[in-house]
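K.L.:
Have a peek at query.cif (mmCIF, C-alpha atoms and all ligand atoms).
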data_final
loop_
_atom_site.label_atom_id
_atom_site.label_comp_id
_atom_site.auth_asym_id
_atom_site.auth_seq_id
_atom_site.Cartn_x
_atom_site.Cartn_y
_atom_site.Cartn_z
CA MET A 1 -1.39 -18.94 77.32
CA GLN A 2 1.62 -17.11 75.85
CA ASP A 3 2.04 -17.05 72.13
CA ASP A 4 5.75 -17.75 71.78
CA SER A 5 5.67 -18.25 68.05
CA GLY A 6 6.07 -15.57 65.32
CA GLU A 7 2.28 -15.13 65.39
CA GLY A 8 2.49 -12.48 68.20
CA TRP A 9 3.63 -9.50 66.16
CA ARG A 10 1.23 -10.38 63.31
CA ASN A 11 -1.73 -10.29 65.72
CA ASP A 12 -0.59 -6.91 67.07
CA LEU A 13 -0.39 -5.53 63.52
CA ARG A 14 -3.82 -6.95 62.68
CA ARG A 15 -5.36 -5.30 65.80
CA LEU A 16 -3.68 -1.95 65.02
CA LEU A 17 -4.92 -1.96 61.44
CA SER A 18 -8.51 -2.83 62.41
CA ALA A 19 -8.48 -0.04 65.03
CA TRP A 20 -7.38 2.51 62.41
CA ILE A 21 -10.06 1.27 60.01
CA TYR A 22 -12.70 2.01 62.69
CA ILE A 23 -11.20 5.47 63.33
CA LEU A 24 -11.13 6.24 59.63
CA ALA A 25 -14.76 5.10 59.25
CA ALA A 26 -15.76 7.34 62.19
CA ALA A 27 -13.88 10.31 60.68
CA LEU A 28 -15.59 9.76 57.31
CA LEU A 29 -19.03 9.62 58.96
CA ALA A 30 -18.38 12.84 60.89
CA LEU A 31 -17.06 14.56 57.76
CA SER A 32 -20.12 13.55 55.74
CA ALA A 33 -22.42 14.79 58.53
CA TRP A 34 -20.60 18.17 58.54
CA ALA A 35 -20.62 18.36 54.75
CA THR A 36 -24.38 17.75 54.64
CA GLY A 37 -24.89 20.80 56.77
CA ALA A 38 -25.25 19.34 60.24
CA ALA A 39 -23.77 21.26 63.03
CA THR A 40 -20.01 20.94 63.53
CA GLY A 41 -20.66 20.07 67.20
CA PHE A 42 -22.80 17.12 66.19
CA ALA A 43 -20.07 15.84 63.91
CA VAL A 44 -17.40 16.20 66.58
CA ILE A 45 -19.55 14.37 69.20
CA LEU A 46 -20.21 11.60 66.70
CA PHE A 47 -16.51 11.37 65.94
CA VAL A 48 -15.60 11.22 69.64
CA LEU A 49 -18.32 8.63 70.35
CA LEU A 50 -17.17 6.39 67.55
CA PHE A 51 -13.53 6.84 68.57
CA LEU A 52 -14.35 5.84 72.17
CA LEU A 53 -16.29 2.83 70.93
CA VAL A 54 -13.30 1.72 68.92
CA VAL A 55 -10.88 2.21 71.82
CA PHE A 56 -13.30 0.35 74.15
CA ARG A 57 -13.48 -2.61 71.74
CA GLN A 58 -9.70 -2.77 71.55
CA LEU A 59 -9.16 -2.54 75.33
CA PRO A 60 -9.27 -6.20 76.33
CA GLU A 61 -6.75 -7.00 73.65
CA ASN A 62 -4.54 -4.05 74.59
CA ASP A 63 -4.60 -5.15 78.24
CA ALA A 64 -3.42 -8.59 77.28
CA PRO A 65 -1.53 -7.99 74.11
CA ASP A 66 -0.01 -11.45 74.04
CA ALA A 67 -3.15 -13.37 74.90
CA VAL A 68 -3.90 -16.08 72.42
CA PRO A 69 -7.22 -15.60 70.60
CA PRO A 70 -10.01 -17.90 71.83
CA ALA A 71 -9.88 -19.98 68.68
CA ALA A 72 -6.21 -20.86 69.29
CA VAL A 73 -6.77 -21.83 72.95
CA SER A 74 -9.03 -24.77 72.04
CA ALA A 75 -7.19 -28.15 71.65
CA PRO A 76 -5.15 -28.43 68.46
CA PRO A 77 -6.50 -30.90 65.89
CA PRO A 78 -5.26 -34.40 66.90
CA ALA A 79 -2.20 -35.60 65.00
CA ASP A 80 -2.61 -38.67 62.79
CA PRO A 81 -1.21 -41.57 64.86
CA LEU A 82 -0.44 -43.73 61.79
CA PRO A 83 3.32 -43.00 61.59
CA LEU A 84 3.70 -43.77 65.29
CA ILE A 85 1.67 -46.99 64.94
CA LEU A 86 3.81 -48.13 62.04
CA ALA A 87 7.08 -47.31 63.80
CA SER A 88 6.00 -49.44 66.78
CA LEU A 89 4.67 -52.32 64.68
CA ASP A 90 7.94 -52.75 62.79
CA GLY A 91 9.47 -53.93 66.06
CA VAL A 92 6.85 -56.70 66.42
CA ASP A 93 7.77 -60.10 65.05
CA MET A 94 4.27 -60.93 63.85
CA PRO A 95 2.59 -59.93 60.57
CA ILE A 96 0.29 -56.96 61.21
CA PHE A 97 -1.77 -54.89 58.76
CA VAL A 98 -3.32 -51.50 59.48
CA LEU A 99 -6.86 -51.19 58.11
CA ASN A 100 -9.17 -48.24 57.76
CA PRO A 101 -12.87 -48.47 58.72
CA ASP A 102 -13.65 -49.63 55.15
CA ALA A 103 -11.42 -52.67 55.70
CA GLU A 104 -8.83 -51.39 53.25
CA MET A 105 -5.21 -52.19 53.99
CA ILE A 106 -3.36 -48.94 54.35
CA ALA A 107 -0.08 -50.17 55.80
CA GLN A 108 1.76 -53.31 56.87
CA ASN A 109 4.70 -53.96 59.18
CA GLN A 110 8.00 -55.51 58.07
CA SER A 111 7.04 -58.94 59.35
CA ALA A 112 3.83 -58.85 57.23
CA GLU A 113 5.91 -57.92 54.21
CA ARG A 114 8.27 -60.85 54.85
CA VAL A 115 5.47 -63.38 55.30
CA PHE A 116 2.79 -62.19 52.85
CA GLY A 117 4.82 -59.99 50.47
CA THR A 118 4.15 -56.35 49.73
CA LEU A 119 0.43 -55.67 49.48
CA LEU A 120 -0.83 -52.60 47.65
CA SER A 121 -1.99 -49.89 49.99
CA GLY A 122 -5.70 -49.11 49.63
CA LEU A 123 -6.73 -52.62 48.60
CA HIS A 124 -9.66 -54.19 50.37
CA VAL A 125 -8.72 -57.09 52.69
CA SER A 126 -10.84 -59.41 50.55
CA THR A 127 -8.38 -59.04 47.67
CA ARG A 128 -5.90 -61.06 49.75
CA TRP A 129 -8.08 -63.09 52.14
CA ARG A 130 -11.33 -64.46 50.81
CA SER A 131 -12.08 -66.53 53.90
CA PRO A 132 -15.64 -65.62 55.01
CA GLY A 133 -14.49 -66.16 58.61
CA ILE A 134 -11.88 -63.39 58.37
CA LEU A 135 -14.11 -61.01 56.42
CA ASP A 136 -17.12 -61.43 58.75
CA MET A 137 -14.89 -60.94 61.77
CA ILE A 138 -13.43 -57.71 60.35
CA ARG A 139 -16.89 -56.42 59.41
CA GLU A 140 -18.16 -57.04 62.92
CA THR A 141 -15.19 -55.28 64.52
CA THR A 142 -15.34 -52.25 62.23
CA GLU A 143 -19.05 -51.94 63.07
CA THR A 144 -18.94 -52.55 66.82
CA GLY A 145 -15.34 -51.69 67.73
CA ALA A 146 -15.07 -54.94 69.73
CA PRO A 147 -11.95 -57.07 69.03
CA ASN A 148 -12.36 -60.49 67.43
CA GLN A 149 -10.19 -63.47 66.54
CA ILE A 150 -10.45 -66.73 64.64
CA GLU A 151 -8.24 -69.62 63.66
CA HIS A 152 -7.28 -69.65 60.00
CA SER A 153 -5.20 -72.11 57.92
CA GLU A 154 -3.28 -71.35 54.74
CA ARG A 155 -1.97 -73.97 52.33
CA HIS A 156 0.29 -71.79 50.17
CA PRO A 157 3.21 -71.31 49.99
CA SER A 158 3.40 -73.73 52.94
CA GLU A 159 0.82 -75.16 55.32
CA ARG A 160 0.42 -72.75 58.24
CA VAL A 161 -2.13 -72.18 61.00
CA TYR A 162 -2.74 -68.66 62.33
CA ILE A 163 -4.77 -66.99 65.04
CA VAL A 164 -6.04 -63.97 63.11
CA ARG A 165 -7.10 -61.08 65.32
CA VAL A 166 -8.61 -57.72 64.51
CA ALA A 167 -8.81 -54.90 67.04
CA GLN A 168 -9.43 -51.18 66.90
CA VAL A 169 -6.49 -48.91 67.68
CA ASP A 170 -7.32 -46.27 70.29
CA PRO A 171 -10.95 -47.32 70.93
CA GLN A 172 -11.47 -44.16 73.05
CA GLN A 173 -10.97 -42.15 69.86
CA THR A 174 -8.54 -39.72 71.50
CA SER A 175 -6.61 -39.52 68.25
CA GLY A 176 -9.72 -38.70 66.26
CA GLN A 177 -8.65 -41.33 63.69
CA THR A 178 -10.06 -44.83 63.37
CA TYR A 179 -7.64 -47.62 62.50
CA PHE A 180 -7.80 -51.37 62.98
CA LEU A 181 -4.92 -53.81 63.38
CA LEU A 182 -5.18 -57.18 61.65
CA SER A 183 -2.57 -59.54 63.14
CA PHE A 184 -1.54 -63.11 62.25
CA ARG A 185 -0.08 -65.19 65.11
CA ASP A 186 1.54 -68.32 63.67
CA ILE A 187 0.64 -71.35 65.79
CA SER A 188 1.73 -74.01 63.25
CA GLU A 189 4.63 -75.18 65.42
CA LEU A 190 2.40 -75.44 68.50
CA ARG A 191 -0.11 -77.46 66.51
CA ARG A 192 2.65 -79.75 65.22
CA LEU A 193 3.89 -80.39 68.76
CA ASP A 194 0.31 -81.02 69.92
CA ARG A 195 -0.19 -83.52 67.13
CA MET A 196 3.14 -85.19 67.90
CA ARG A 197 2.21 -85.49 71.57
CA SER A 198 -1.19 -87.00 70.88
CA ASP A 199 0.28 -89.35 68.21
CA PHE A 200 2.87 -90.41 70.74
CA VAL A 201 0.28 -91.18 73.42
CA ALA A 202 -1.86 -93.06 70.88
CA ASN A 203 1.16 -95.06 69.63
CA ALA A 204 2.41 -95.85 73.13
CA SER A 205 -1.05 -97.00 74.22
CA HIS A 206 -1.38 -99.12 71.11
CA GLU A 207 2.03 -100.71 71.64
CA LEU A 208 1.15 -101.57 75.24
CA ARG A 209 -2.37 -102.71 74.47
CA THR A 210 -1.27 -105.35 71.94
CA PRO A 211 0.80 -107.50 74.35
CA LEU A 212 -1.76 -106.83 77.08
CA ALA A 213 -4.56 -108.20 74.89
CA SER A 214 -2.43 -111.23 74.09
CA LEU A 215 -1.74 -111.84 77.80
CA ARG A 216 -5.44 -111.61 78.63
CA GLY A 217 -6.31 -113.99 75.79
CA PHE A 218 -3.87 -116.65 77.02
CA ILE A 219 -5.01 -116.28 80.63
CA GLU A 220 -8.62 -116.83 79.56
CA THR A 221 -7.65 -119.85 77.43
CA MET A 222 -5.77 -121.38 80.33
CA GLN A 223 -8.71 -120.77 82.64
CA GLY A 224 -11.13 -122.31 80.13
CA PRO A 225 -10.46 -124.70 77.23
CA ALA A 226 -6.80 -125.41 78.09
CA ARG A 227 -7.40 -125.78 81.83
CA ASP A 228 -6.25 -129.41 81.86
CA ASP A 229 -3.79 -129.31 78.96
CA ALA A 230 -0.37 -129.20 80.62
CA LYS A 231 1.53 -129.09 77.31
CA ALA A 232 -0.51 -126.18 75.95
CA LYS A 233 -0.13 -124.36 79.26
CA ASP A 234 3.69 -124.54 79.03
CA ARG A 235 3.58 -123.15 75.51
CA PHE A 236 1.18 -120.37 76.47
CA LEU A 237 3.23 -119.43 79.53
CA ALA A 238 6.33 -119.06 77.32
CA ILE A 239 4.41 -116.75 74.98
CA MET A 240 3.05 -114.78 77.94
CA LEU A 241 6.57 -114.30 79.30
CA ASP A 242 7.59 -113.04 75.88
CA GLN A 243 4.73 -110.52 75.83
CA ALA A 244 5.48 -109.38 79.38
CA ASN A 245 9.11 -108.84 78.38
CA ARG A 246 7.96 -106.85 75.39
CA MET A 247 5.88 -104.60 77.61
CA SER A 248 8.75 -104.17 79.98
CA ARG A 249 11.14 -103.21 77.11
CA LEU A 250 8.62 -100.66 75.92
CA VAL A 251 8.16 -99.14 79.36
CA ASP A 252 11.97 -99.01 79.81
CA ASP A 253 12.36 -97.21 76.45
CA LEU A 254 9.56 -94.77 77.28
CA LEU A 255 11.14 -93.97 80.63
CA SER A 256 14.52 -93.60 78.97
CA LEU A 257 13.07 -91.11 76.48
CA SER A 258 11.38 -88.98 79.12
CA ARG A 259 14.56 -88.96 81.26
CA LEU A 260 16.53 -87.79 78.23
CA GLU A 261 14.00 -85.07 77.45
CA LEU A 262 14.48 -83.65 80.93
CA LYS A 263 18.19 -83.10 80.43
CA ALA A 264 18.14 -82.42 76.70
CA HIS A 265 19.72 -78.98 77.14
CA VAL A 266 22.44 -79.97 79.59
CA PRO A 267 25.54 -81.06 77.69
CA PRO A 268 27.85 -83.64 79.33
CA ASP A 269 30.67 -82.08 81.32
CA ARG A 270 33.31 -84.83 81.37
CA LYS A 271 35.46 -86.70 78.90
CA VAL A 272 35.04 -90.37 78.07
CA GLU A 273 37.20 -92.65 75.99
CA LEU A 274 35.29 -94.22 73.11
CA GLY A 275 37.45 -97.36 72.49
CA PRO A 276 36.58 -99.07 75.80
CA ILE A 277 32.89 -98.18 75.37
CA LEU A 278 32.77 -99.85 71.95
CA GLY A 279 34.65 -102.88 73.30
CA HIS A 280 32.12 -103.20 76.14
CA VAL A 281 29.15 -102.99 73.75
CA ARG A 282 30.66 -105.57 71.42
CA ASP A 283 31.12 -107.98 74.36
CA SER A 284 27.63 -107.42 75.72
CA LEU A 285 26.07 -108.09 72.31
CA ALA A 286 28.22 -111.14 71.58
CA PRO A 287 25.51 -113.64 72.69
CA LEU A 288 22.88 -112.00 70.45
CA ALA A 289 25.34 -111.82 67.54
CA SER A 290 26.23 -115.47 67.80
CA GLU A 291 22.55 -116.40 68.10
CA LEU A 292 21.94 -114.52 64.82
CA GLY A 293 25.11 -115.87 63.20
CA VAL A 294 26.69 -112.43 62.85
CA GLU A 295 30.29 -111.43 63.56
CA ILE A 296 30.93 -108.01 65.06
CA ARG A 297 34.29 -106.62 63.87
CA LEU A 298 35.76 -103.74 65.81
CA ASP A 299 38.32 -101.43 64.19
CA LEU A 300 39.93 -99.17 66.81
CA PRO A 301 42.87 -96.80 66.21
CA GLU A 302 46.08 -96.96 68.22
CA GLU A 303 45.54 -93.54 69.69
CA LYS A 304 43.22 -92.89 72.57
CA ILE A 305 40.12 -90.98 71.36
CA GLU A 306 38.05 -89.05 73.88
CA VAL A 307 34.87 -87.00 73.57
CA MET A 308 32.79 -84.98 76.00
CA GLY A 309 30.13 -87.48 76.98
CA GLU A 310 28.27 -89.62 79.45
CA ARG A 311 29.41 -93.22 79.38
CA ASP A 312 26.06 -94.94 80.05
CA GLU A 313 24.27 -92.90 77.40
CA LEU A 314 26.95 -93.58 74.78
CA VAL A 315 26.75 -97.30 75.63
CA GLU A 316 22.99 -97.06 74.93
CA VAL A 317 23.65 -95.36 71.56
CA PHE A 318 26.11 -97.96 70.32
CA GLU A 319 24.09 -100.85 71.74
CA ASN A 320 21.09 -99.68 69.73
CA LEU A 321 23.04 -99.16 66.51
CA ILE A 322 25.04 -102.38 66.69
CA GLU A 323 22.02 -104.44 67.79
CA ASN A 324 20.01 -103.04 64.86
CA ALA A 325 22.86 -103.85 62.48
CA CYS A 326 22.93 -107.43 63.78
CA LYS A 327 19.13 -107.83 63.68
CA TYR A 328 18.24 -106.11 60.42
CA GLY A 329 21.53 -106.83 58.63
CA GLN A 330 21.66 -110.43 59.75
CA ASP A 331 21.92 -111.70 56.17
CA GLY A 332 25.22 -109.88 55.68
CA LYS A 333 26.85 -111.96 58.42
CA VAL A 334 29.36 -109.23 59.33
CA VAL A 335 28.90 -105.95 61.19
CA GLU A 336 31.87 -103.56 61.10
CA VAL A 337 32.30 -100.97 63.79
CA ALA A 338 35.05 -98.40 63.20
CA LEU A 339 36.31 -95.50 65.32
CA ARG A 340 38.41 -92.81 63.66
CA LYS A 341 39.16 -89.14 63.41
CA ASP A 342 38.35 -87.63 60.01
CA VAL A 343 40.57 -85.12 58.15
CA GLY A 344 38.75 -82.21 59.76
CA GLY A 345 39.54 -83.58 63.23
CA ALA A 346 35.96 -84.72 63.99
CA THR A 347 35.52 -88.05 65.77
CA GLU A 348 33.39 -90.62 63.97
CA VAL A 349 32.03 -94.02 64.88
CA SER A 350 30.49 -95.94 61.99
CA VAL A 351 28.39 -99.10 62.22
CA ARG A 352 28.12 -100.90 58.88
CA ASP A 353 26.05 -103.92 58.03
CA HIS A 354 25.69 -105.83 54.79
CA GLY A 355 21.97 -106.56 55.05
CA PRO A 356 19.13 -105.65 52.67
CA GLY A 357 19.46 -101.89 53.29
CA ILE A 358 16.69 -99.34 53.82
CA PRO A 359 14.52 -97.84 51.04
CA ALA A 360 15.49 -94.14 50.64
CA GLU A 361 12.03 -92.78 51.50
CA HIS A 362 12.24 -94.26 55.02
CA VAL A 363 15.69 -92.94 55.90
CA PRO A 364 14.68 -89.38 56.96
CA ARG A 365 11.98 -90.73 59.32
CA LEU A 366 13.93 -93.49 61.08
CA THR A 367 14.54 -91.42 64.23
CA GLU A 368 10.83 -90.63 64.72
CA ARG A 369 9.26 -92.36 67.70
CA PHE A 370 7.63 -95.69 66.77
CA TYR A 371 8.65 -95.34 63.12
CA ARG A 372 9.52 -98.69 61.63
CA VAL A 373 10.19 -99.72 58.05
CA ASN A 374 8.33 -102.97 58.68
CA VAL A 375 6.31 -103.19 61.90
CA GLU A 376 6.01 -106.99 61.94
CA ASP A 377 9.70 -107.44 61.19
CA SER A 378 10.59 -105.07 64.04
CA ARG A 379 8.22 -106.80 66.51
CA SER A 380 9.49 -110.23 65.61
CA LYS A 381 12.99 -108.92 66.36
CA LYS A 382 11.92 -107.56 69.75
CA GLY A 383 11.95 -103.97 68.49
CA THR A 384 9.96 -101.20 70.16
CA GLY A 385 10.38 -98.58 67.43
CA LEU A 386 11.99 -96.25 69.96
CA GLY A 387 15.67 -97.23 69.66
CA LEU A 388 16.75 -94.64 67.08
CA ALA A 389 14.60 -91.94 68.72
CA ILE A 390 16.57 -92.54 71.92
CA VAL A 391 19.83 -92.47 69.94
CA LYS A 392 18.90 -89.14 68.41
CA HIS A 393 18.02 -87.61 71.80
CA ILE A 394 21.28 -88.73 73.36
CA LEU A 395 23.34 -87.48 70.41
CA THR A 396 21.58 -84.09 70.43
CA ARG A 397 22.57 -83.71 74.07
CA HIS A 398 26.15 -84.67 73.10
CA ARG A 399 26.17 -82.12 70.25
CA ALA A 400 26.69 -85.06 67.89
CA ARG A 401 24.90 -86.11 64.69
CA LEU A 402 23.61 -89.36 63.28
CA ILE A 403 24.22 -89.78 59.55
CA VAL A 404 22.44 -92.66 57.82
CA LYS A 405 23.50 -93.98 54.42
CA SER A 406 21.83 -96.96 52.91
CA ASP A 407 21.74 -98.63 49.51
CA LEU A 408 19.09 -101.23 48.80
CA GLY A 409 20.77 -104.60 48.63
CA ASP A 410 24.06 -103.20 49.88
CA GLY A 411 23.46 -102.69 53.59
CA SER A 412 23.47 -99.55 55.74
CA VAL A 413 26.00 -97.35 57.51
CA PHE A 414 24.96 -95.48 60.65
CA THR A 415 27.64 -92.91 61.51
CA VAL A 416 27.84 -90.94 64.75
CA ARG A 417 29.81 -87.75 64.27
CA PHE A 418 31.01 -85.82 67.35
P1 LIG B 501 13.26 -100.95 66.49
O1 LIG B 501 13.04 -101.09 67.94
O2 LIG B 501 12.06 -101.29 65.68
O3 LIG B 501 14.50 -101.60 66.03
P2 LIG B 501 14.60 -98.47 65.93
O4 LIG B 501 14.19 -97.11 66.25
O5 LIG B 501 15.87 -98.97 66.50
O6 LIG B 501 13.37 -99.37 66.30
O7 LIG B 501 14.70 -98.60 64.35
C1 LIG B 501 13.63 -98.12 63.58
C2 LIG B 501 13.51 -98.92 62.30
O8 LIG B 501 14.63 -98.63 61.47
C3 LIG B 501 13.56 -100.40 62.49
O9 LIG B 501 12.28 -100.91 62.79
C4 LIG B 501 14.04 -100.90 61.15
O10 LIG B 501 12.93 -100.97 60.26
C5 LIG B 501 14.92 -99.75 60.67
N1 LIG B 501 16.38 -100.03 60.86
C6 LIG B 501 17.17 -99.63 61.85
N2 LIG B 501 18.43 -100.03 61.67
C7 LIG B 501 18.45 -100.72 60.54
C8 LIG B 501 19.48 -101.42 59.79
N3 LIG B 501 20.74 -101.48 60.22
N4 LIG B 501 19.11 -102.01 58.63
C9 LIG B 501 17.86 -101.96 58.19
N5 LIG B 501 16.85 -101.32 58.84
C10 LIG B 501 17.14 -100.72 60.00
#
For the file at hand, write its structure as structure tokens.
Ligand code: ADP

P.N.:
Amino acid sequence: MQDDSGEGWRNDLRRLLSAWIYILAAALLALSAWATGAATGFAVILFVLLFLLVVFRQLPENDAPDAVPPAAVSAPPPADPLPLILASLDGVDMPIFVLNPDAEMIAQNQSAERVFGTLLSGLHVSTRWRSPGILDMIRETTETGAPNQIEHSERHPSERVYIVRVAQVDPQQTSGQTYFLLSFRDISELRRLDRMRSDFVANASHELRTPLASLRGFIETMQGPARDDAKAKDRFLAIMLDQANRMSRLVDDLLSLSRLELKAHVPPDRKVELGPILGHVRDSLAPLASELGVEIRLDLPEEKIEVMGERDELVEVFENLIENACKYGQDGKVVEVALRKDVGGATEVSVRDHGPGIPAEHVPRLTERFYRVNVEDSRSKKGTGLGLAIVKHILTRHRARLIVKSDLGDGSVFTVRF
């Protein structure tokens, strides 16, 4: 191996000096032998012998003057990989801490700093996480070198669920340094979606089971005690038809929701005129409105207002909103539907009723599936609890928003803003 660095000439100098030290020592020995009376010949032979010895010892080095000494040929001490580890971890969007074998935090990536704040280097992990699960897991990994992970929840500053994993960096020990990475994968959103899905299935099953149980009950009554009661049978059959219709509405709404979910990210690609859509919805709801004693007033501008949208879906949106206004705002007698462009040029459709209004705490949750301010009230009005969830899905696809304003005792305004 060639020594290309500035070390070459220093080694040469060192070799030259040590050779001259040997020669000098040999000369001194010979001189002292001569001075003590030994024969001059003996001294000269001694001098020559020592000189040859010195030259012989220097030969290998003189033959290969640039050869690197054996000590330098062996592998250089491994570089500390910490700076490289840190540089790579900063690019990872997940909090990661670097620990030493004593479970002390010696560095953290930027994501860890954002999520957990700056932690003092050198502190033991237990100063930040007291969870026995995390500490036992780290202890086991630092002892065995085998990676480990557990699920861990935090309540502060907000409720979060993490998969915490600890693994040794470079388990083969090629770097000569032992570090461990402690990472926190946030699965809170996944958990929330899981919970939502299972709540949804539970709610849907419950909603279907109730009319089903009622149907079964009436069938059994008609087969047994009411077998010969023609009047009771007629009454029961009417109720059964009502329950069957309820189940069918629910199934229709569920199918509608899943269809909408499939195309949630595909915005409509054609223009529709809103005036005729609102006129159509008003006409189709006229029988219900008159049954409830409500008048639907439609306020349309002269100009033709168009938006990017799908006609059938927008009909579903306004049918839901106007039907709700008629059902829940029945006491107010009038439902006002207005289409206009606001000063900023946005298109708005507002549906206002003069009913009892909605308590403020319920307003943010109205578009959740199966959320109802009053379950019995909704059921008695043929509600499924899915209407506003469907509205929200359709509007999201249309890049539109639903704004709800309600004052207790003063009715509600549901505004769709395109
Ligand atoms: P539902 O099928 O029960 O009508 P929606 O999703 O359409 O379900 O509405 C959810 C709940 O919001 C209703 O059950 C009702 O409690 C409340 N709500 C909706 N619109 C109005 C309104 N105009 N006035 C008062 N409450 C309303």

K.L.:
Which one of A:Ile394, A:Val404, A:Ala338, A:Asn320 sits closest to ligand LIG 501 (chain B) if you count only C-alpha atoms and all ligand atoms?

P.N.:
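Ranked by minimum distance to ligand LIG 501 (chain B), first place goes to A:Asn320.
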
K.L.:
Counting only C-alpha atoms, which of A:Met247, A:Val337, A:Val349, A:Leu255 gets nearest to Glu295 (chain A)?

P.N.:
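The closest residue to Glu295 (chain A) is A:Val337.
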
K.L.:
Please return as a PDB file with C-alpha atoms, keeping the file's coordinate frame the residues found within 9 Å of ligand LIG 501 (chain B), counting all atoms listed in the file.

P.N.:
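Result file follows (part-v4.pdb):
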ATOM      1  CA  ASN A 320      21.090 -99.680  69.730  1.00  0.00           C
ATOM      2  CA  LEU A 321      23.040 -99.160  66.510  1.00  0.00           C
ATOM      3  CA  ILE A 322      25.040-102.380  66.690  1.00  0.00           C
ATOM      4  CA  GLU A 323      22.020-104.440  67.790  1.00  0.00           C
ATOM      5  CA  ASN A 324      20.010-103.040  64.860  1.00  0.00           C
ATOM      6  CA  ALA A 325      22.860-103.850  62.480  1.00  0.00           C
ATOM      7  CA  CYS A 326      22.930-107.430  63.780  1.00  0.00           C
ATOM      8  CA  LYS A 327      19.130-107.830  63.680  1.00  0.00           C
ATOM      9  CA  TYR A 328      18.240-106.110  60.420  1.00  0.00           C
ATOM     10  CA  GLY A 329      21.530-106.830  58.630  1.00  0.00           C
ATOM     11  CA  GLN A 330      21.660-110.430  59.750  1.00  0.00           C
ATOM     12  CA  VAL A 351      28.390 -99.100  62.220  1.00  0.00           C
ATOM     13  CA  ARG A 352      28.120-100.900  58.880  1.00  0.00           C
ATOM     14  CA  ASP A 353      26.050-103.920  58.030  1.00  0.00           C
ATOM     15  CA  HIS A 354      25.690-105.830  54.790  1.00  0.00           C
ATOM     16  CA  GLY A 355      21.970-106.560  55.050  1.00  0.00           C
ATOM     17  CA  PRO A 356      19.130-105.650  52.670  1.00  0.00           C
ATOM     18  CA  GLY A 357      19.460-101.890  53.290  1.00  0.00           C
ATOM     19  CA  ILE A 358      16.690 -99.340  53.820  1.00  0.00           C
ATOM     20  CA  PRO A 359      14.520 -97.840  51.040  1.00  0.00           C
ATOM     21  CA  HIS A 362      12.240 -94.260  55.020  1.00  0.00           C
ATOM     22  CA  VAL A 363      15.690 -92.940  55.900  1.00  0.00           C
ATOM     23  CA  ARG A 365      11.980 -90.730  59.320  1.00  0.00           C
ATOM     24  CA  LEU A 366      13.930 -93.490  61.080  1.00  0.00           C
ATOM     25  CA  THR A 367      14.540 -91.420  64.230  1.00  0.00           C
ATOM     26  CA  GLU A 368      10.830 -90.630  64.720  1.00  0.00           C
ATOM     27  CA  ARG A 369       9.260 -92.360  67.700  1.00  0.00           C
ATOM     28  CA  PHE A 370       7.630 -95.690  66.770  1.00  0.00           C
ATOM     29  CA  TYR A 371       8.650 -95.340  63.120  1.00  0.00           C
ATOM     30  CA  ARG A 372       9.520 -98.690  61.630  1.00  0.00           C
ATOM     31  CA  VAL A 373      10.190 -99.720  58.050  1.00  0.00           C
ATOM     32  CA  ASN A 374       8.330-102.970  58.680  1.00  0.00           C
ATOM     33  CA  VAL A 375       6.310-103.190  61.900  1.00  0.00           C
ATOM     34  CA  GLU A 376       6.010-106.990  61.940  1.00  0.00           C
ATOM     35  CA  ASP A 377       9.700-107.440  61.190  1.00  0.00           C
ATOM     36  CA  SER A 378      10.590-105.070  64.040  1.00  0.00           C
ATOM     37  CA  ARG A 379       8.220-106.800  66.510  1.00  0.00           C
ATOM     38  CA  LYS A 381      12.990-108.920  66.360  1.00  0.00           C
ATOM     39  CA  LYS A 382      11.920-107.560  69.750  1.00  0.00           C
ATOM     40  CA  GLY A 383      11.950-103.970  68.490  1.00  0.00           C
ATOM     41  CA  THR A 384       9.960-101.200  70.160  1.00  0.00           C
ATOM     42  CA  GLY A 385      10.380 -98.580  67.430  1.00  0.00           C
ATOM     43  CA  LEU A 386      11.990 -96.250  69.960  1.00  0.00           C
ATOM     44  CA  GLY A 387      15.670 -97.230  69.660  1.00  0.00           C
ATOM     45  CA  LEU A 388      16.750 -94.640  67.080  1.00  0.00           C
ATOM     46  CA  ALA A 389      14.600 -91.940  68.720  1.00  0.00           C
ATOM     47  CA  ILE A 390      16.570 -92.540  71.920  1.00  0.00           C
ATOM     48  CA  VAL A 391      19.830 -92.470  69.940  1.00  0.00           C
ATOM     49  CA  SER A 406      21.830 -96.960  52.910  1.00  0.00           C
ATOM     50  CA  GLY A 411      23.460-102.690  53.590  1.00  0.00           C
ATOM     51  CA  SER A 412      23.470 -99.550  55.740  1.00  0.00           C
ATOM     52  CA  VAL A 413      26.000 -97.350  57.510  1.00  0.00           C
ATOM     53  CA  PHE A 414      24.960 -95.480  60.650  1.00  0.00           C
TER      54      PHE A 414
END

K.L.:
What's the 9 Å shell around Gly91 (chain A), counting all atoms listed in the file, without same-chain residues fewer than 5 positions away, as a VMD selection string?

P.N.:
chain A and resid 109 to 111

K.L.:
Please, what distance in Å, to one decimal, runs between CA of Glu207 (chain A) and CA of Glu220 (chain A)?

P.N.:
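For CA of Glu207 (chain A) relative to CA of Glu220 (chain A), the distance reads 20.9 Å.
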